[in-house]
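Everything below belongs to final22.txt, which stores compact mmCIF, C-alpha atoms.
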# COMPACT_ATOMS: atom_id res chain seq x y z
CA MET A 1 311.34 134.98 44.49
CA ARG A 2 310.76 132.16 42.00
CA LEU A 3 310.37 129.58 44.80
CA VAL A 4 307.76 131.69 46.57
CA ARG A 5 305.86 132.18 43.33
CA SER A 6 305.98 128.42 42.56
CA ALA A 7 304.77 127.60 46.08
CA SER A 8 301.93 130.12 45.75
CA ILE A 9 300.93 128.71 42.37
CA SER A 10 301.05 125.13 43.73
CA ILE A 11 298.84 126.05 46.68
CA ALA A 12 296.40 127.85 44.39
CA LEU A 13 296.25 124.85 42.03
CA LEU A 14 295.65 122.43 44.92
CA SER A 15 292.85 124.68 46.22
CA LEU A 16 291.24 124.81 42.78
CA ALA A 17 291.54 121.02 42.42
CA ALA A 18 289.79 120.48 45.76
CA LEU A 19 287.04 122.91 44.79
CA ALA A 20 286.65 121.29 41.38
CA ALA A 21 286.40 117.87 43.00
CA CYS A 22 283.58 119.12 45.17
CA ASN A 23 281.83 120.65 42.16
CA ASP A 24 282.31 117.51 40.02
CA SER A 25 280.29 115.41 42.44
CA VAL A 26 276.70 114.36 41.87
CA CYS A 27 274.33 117.10 43.02
CA ASP A 28 270.62 117.03 43.78
CA GLU A 29 268.43 120.07 44.34
CA ILE A 30 266.68 119.67 47.68
CA GLU A 31 264.43 121.77 49.85
CA THR A 32 266.25 122.98 52.95
CA GLN A 33 264.56 124.10 56.14
CA ILE A 34 264.33 127.81 56.89
CA GLY A 35 265.59 128.72 60.35
CA ASP A 36 265.07 132.50 60.38
CA ILE A 37 263.20 135.12 58.36
CA CYS A 38 263.54 138.88 58.32
CA VAL A 39 260.16 140.60 58.22
CA PRO A 40 260.04 144.42 58.31
CA SER A 41 257.36 146.32 60.21
CA ALA A 42 255.69 147.12 56.84
CA ILE A 43 256.53 147.01 53.15
CA ALA A 44 255.20 149.38 50.51
CA ALA A 45 252.19 148.15 48.55
CA ASN A 46 252.50 147.23 44.87
CA SER A 47 256.28 147.60 44.84
CA GLU A 48 259.21 145.24 44.50
CA ALA A 49 260.32 143.99 47.90
CA ILE A 50 262.91 141.50 49.14
CA ILE A 51 263.15 139.69 52.46
CA ASP A 52 265.99 137.47 53.64
CA VAL A 53 265.76 133.95 55.02
CA ARG A 54 268.47 131.90 56.74
CA GLU A 55 268.76 128.16 56.38
CA SER A 56 268.38 126.12 59.54
CA CYS A 57 271.18 123.64 58.85
CA GLY A 58 272.56 123.44 55.33
CA SER A 59 275.26 121.09 54.14
CA ILE A 60 278.82 122.43 54.13
CA CYS A 61 279.28 121.19 50.54
CA ALA A 62 275.96 122.56 49.28
CA GLN A 63 275.79 125.36 46.77
CA ALA A 64 274.41 128.71 47.93
CA PRO A 65 270.68 128.39 48.63
CA SER A 66 267.94 130.19 46.74
CA CYS A 67 264.52 131.28 47.93
CA THR A 68 261.16 131.39 46.21
CA ALA A 69 258.11 133.34 47.41
CA VAL A 70 254.63 132.65 46.03
CA ILE A 71 251.11 133.59 47.08
CA LEU A 72 249.07 130.52 47.98
CA ASP A 73 245.56 130.89 49.42
CA GLY A 74 246.24 134.48 50.53
CA ALA A 75 249.51 133.61 52.30
CA ILE A 76 253.11 134.08 51.25
CA GLN A 77 254.76 130.67 50.97
CA LEU A 78 258.57 130.73 51.24
CA THR A 79 260.66 127.82 50.00
CA MET A 80 264.43 127.53 50.24
CA ARG A 81 266.33 125.18 47.94
CA GLU A 82 269.98 124.26 47.47
CA ASP A 83 272.08 121.82 45.51
CA GLN A 84 273.57 119.24 47.88
CA CYS A 85 276.47 117.31 46.46
CA SER A 86 277.82 113.90 47.35
CA THR A 87 281.58 113.80 47.28
CA THR A 88 284.58 112.09 48.80
CA VAL A 89 286.58 115.29 49.25
CA ALA A 90 287.29 115.53 52.98
CA SER A 91 286.86 119.31 53.04
CA CYS A 92 283.27 118.94 51.81
CA ILE A 93 282.25 116.25 54.29
CA ALA A 94 281.56 117.75 57.69
CA THR A 95 279.03 117.52 60.47
CA GLN A 96 278.79 121.29 60.84
CA CYS A 97 275.80 123.21 59.57
CA ASN A 98 275.81 126.17 57.23
CA HIS A 99 273.37 128.96 58.04
CA ASN A 100 273.53 130.81 54.73
CA VAL A 101 271.21 133.67 53.86
CA ALA A 102 269.16 133.88 50.66
CA SER A 103 266.99 136.74 49.42
CA CYS A 104 263.35 136.17 48.49
CA ALA A 105 261.84 138.48 45.91
CA LEU A 106 258.21 138.96 46.95
CA PRO A 107 255.40 139.18 44.42
CA LEU A 108 253.64 142.55 44.15
CA LEU A 109 251.26 142.78 47.10
CA GLY A 110 248.26 145.00 47.75
CA ILE A 111 247.58 146.64 51.10
CA GLY A 112 246.81 144.05 53.78
CA ASP A 113 248.28 141.58 56.23
CA TYR A 114 249.73 138.38 54.78
CA PRO A 115 250.66 135.27 56.75
CA VAL A 116 254.21 134.16 55.89
CA ILE A 117 254.52 130.40 55.85
CA VAL A 118 257.85 128.64 55.48
CA SER A 119 258.43 125.10 54.35
CA GLY A 120 259.09 122.54 57.06
CA ASN A 121 258.75 123.51 60.68
CA GLY A 122 260.41 126.91 60.35
CA PRO A 123 259.23 130.22 61.77
CA SER A 124 256.11 131.98 60.55
CA ALA A 125 255.13 135.63 60.67
CA ILE A 126 252.69 138.26 59.44
CA LEU A 127 253.86 140.59 56.68
CA ARG A 128 252.13 143.95 56.80
CA VAL A 129 251.75 145.77 53.50
CA ARG A 130 250.84 149.45 53.71
CA ALA A 131 250.63 152.48 51.41
CA THR A 132 254.13 153.41 52.58
CA GLY A 133 256.80 151.11 53.91
CA THR A 134 260.24 149.66 53.24
CA SER A 135 261.44 147.71 50.25
CA GLY A 136 262.48 144.75 52.38
CA CYS A 137 264.58 143.41 55.21
CA HIS A 138 268.04 141.84 55.38
CA LEU A 139 269.56 139.39 57.83
CA PRO A 140 273.20 139.79 58.86
CA GLN A 141 275.73 137.44 57.27
CA PHE A 142 277.95 135.40 59.57
CA PRO A 143 281.61 136.39 59.14
CA ASP A 144 282.70 132.97 57.83
CA ALA A 145 280.03 132.73 55.10
CA GLY A 146 277.41 130.80 56.95
CA THR A 147 278.67 128.95 59.99
CA PRO A 148 278.01 130.77 63.29
CA ASP A 149 280.86 131.38 65.70
CA ALA A 150 280.92 129.27 68.85
CA GLY A 151 279.90 132.38 70.79
CA ASP A 152 276.71 132.92 68.73
The structure in this file should be written as structure tokens.
Amino acid sequence: MRLVRSASISIALLSLAALAACNDSVCDEIETQIGDICVPSAIAANSEAIIDVRESCGSICAQAPSCTAVILDGAIQLTMREDQCSTTVASCIATQCNHNVASCALPLLGIGDYPVIVSGNGPSAILRVRATGTSGCHLPQFPDAGTPDAGD
């Protein structure tokens, strides 16, 4: 029993060391391209609403992305940002892309139709705001926290 416990503790410590090494690297906050947005058929006017966005191709070693929504010239501008870290830890250096989801809290909106503009060359849409509607829209998470299966 003691050997199993020691092996489990050793594995846990090695995992924490690898994670710490990734987190100890130099990180820069960058804008990441949005690959997908979830827009409901209509959201309720003058109420708190959240929509999800998925990054197009985020770094495997990046921190979870965040999303900001602002009104600019009558349109909703969505920006996705993440901390990308430089590191020498092999587990953090990969050519795969993460496709993590972040939630965007929308500003209070009056009744109307609002163009949704994303940073970069990502998708755009029209957000309809009505007297009644939903409080938002959520994208599904991939089962391995961001990287799509080969069959997707």
Practice item. Give the answer as one residue: which of A:Gln33, A:Asn100, A:Asn46, A:Ser119 has the shortest atom-to-atom distance to Ala64 in chain A, using only C-alpha atoms? Key: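 The closest residue to Ala64 in chain A is A:Asn100.
The nearest approach to Glu29 in chain A among the residues A:Ser41, A:Ser66, A:Thr134, A:Gln84, with only C-alpha atoms taken into account, belongs to A:Gln84.
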Residue list as an mmCIF file with C-alpha atoms, in the frame of the given file for point (271.0, 141.9, 51.4), cut-off 8 Å, only C-alpha atoms:
data_model
loop_
_atom_site.group_PDB
_atom_site.id
_atom_site.type_symbol
_atom_site.label_atom_id
_atom_site.label_comp_id
_atom_site.auth_asym_id
_atom_site.auth_seq_id
_atom_site.Cartn_x
_atom_site.Cartn_y
_atom_site.Cartn_z
ATOM 1 C CA ASP A 52 265.990 137.470 53.640
ATOM 2 C CA SER A 103 266.990 136.740 49.420
ATOM 3 C CA CYS A 137 264.580 143.410 55.210
ATOM 4 C CA HIS A 138 268.040 141.840 55.380
ATOM 5 C CA LEU A 139 269.560 139.390 57.830
#
Check your understanding: In Å, with one decimal, what is the gap from CA of Glu31 in chain A to CA of Pro140 in chain A?
Key ->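 Computing it gives 22.0 Å between the two atoms.
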Write out as a JSON list (two decimals) with C-alpha atoms, keeping the file's coordinate frame which residues come within 12 Å of Gly136 in chain A when counting all atoms listed in the file, dropping same-chain ones fewer than 3 positions away.
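Saved result, part.json, follows:
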[["chain", "number", "residue", "atom", "x", "y", "z"],
["A", 37, "ILE", "CA", 263.20, 135.12, 58.36],
["A", 38, "CYS", "CA", 263.54, 138.88, 58.32],
["A", 39, "VAL", "CA", 260.16, 140.60, 58.22],
["A", 40, "PRO", "CA", 260.04, 144.42, 58.31],
["A", 41, "SER", "CA", 257.36, 146.32, 60.21],
["A", 42, "ALA", "CA", 255.69, 147.12, 56.84],
["A", 43, "ILE", "CA", 256.53, 147.01, 53.15],
["A", 44, "ALA", "CA", 255.20, 149.38, 50.51],
["A", 45, "ALA", "CA", 252.19, 148.15, 48.55],
["A", 47, "SER", "CA", 256.28, 147.60, 44.84],
["A", 48, "GLU", "CA", 259.21, 145.24, 44.50],
["A", 49, "ALA", "CA", 260.32, 143.99, 47.90],
["A", 50, "ILE", "CA", 262.91, 141.50, 49.14],
["A", 51, "ILE", "CA", 263.15, 139.69, 52.46],
["A", 52, "ASP", "CA", 265.99, 137.47, 53.64],
["A", 53, "VAL", "CA", 265.76, 133.95, 55.02],
["A", 103, "SER", "CA", 266.99, 136.74, 49.42],
["A", 104, "CYS", "CA", 263.35, 136.17, 48.49],
["A", 105, "ALA", "CA", 261.84, 138.48, 45.91],
["A", 106, "LEU", "CA", 258.21, 138.96, 46.95],
["A", 127, "LEU", "CA", 253.86, 140.59, 56.68],
["A", 128, "ARG", "CA", 252.13, 143.95, 56.80],
["A", 129, "VAL", "CA", 251.75, 145.77, 53.50],
["A", 133, "GLY", "CA", 256.80, 151.11, 53.91],
["A", 139, "LEU", "CA", 269.56, 139.39, 57.83]]
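Distance annotation: of A:Cys27, A:Gly122, A:Thr32, A:Ala102, the residue with the minimal separation from Arg81 in chain A is A:Thr32; atom set is all atoms listed in the file.
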Check your understanding: Counting only C-alpha atoms, what is within 6 Å of Cys57 in chain A, bar same-chain residues fewer than 6 positions away, as number ranges by chain?
Key -> A: 97-99
Review point. Between CA of Gly35 in chain A and CA of Asp73 in chain A, what is the spacing in Å?
Key: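 Calculated distance between CA of Asp73 in chain A and CA of Gly35 in chain A is 22.9 Å.
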Check your understanding: Which distance in Å separates CA of Tyr114 in chain A and CA of Ile71 in chain A, to one decimal?
Key ->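 CA of Ile71 in chain A lies at a distance of 9.2 Å from CA of Tyr114 in chain A.
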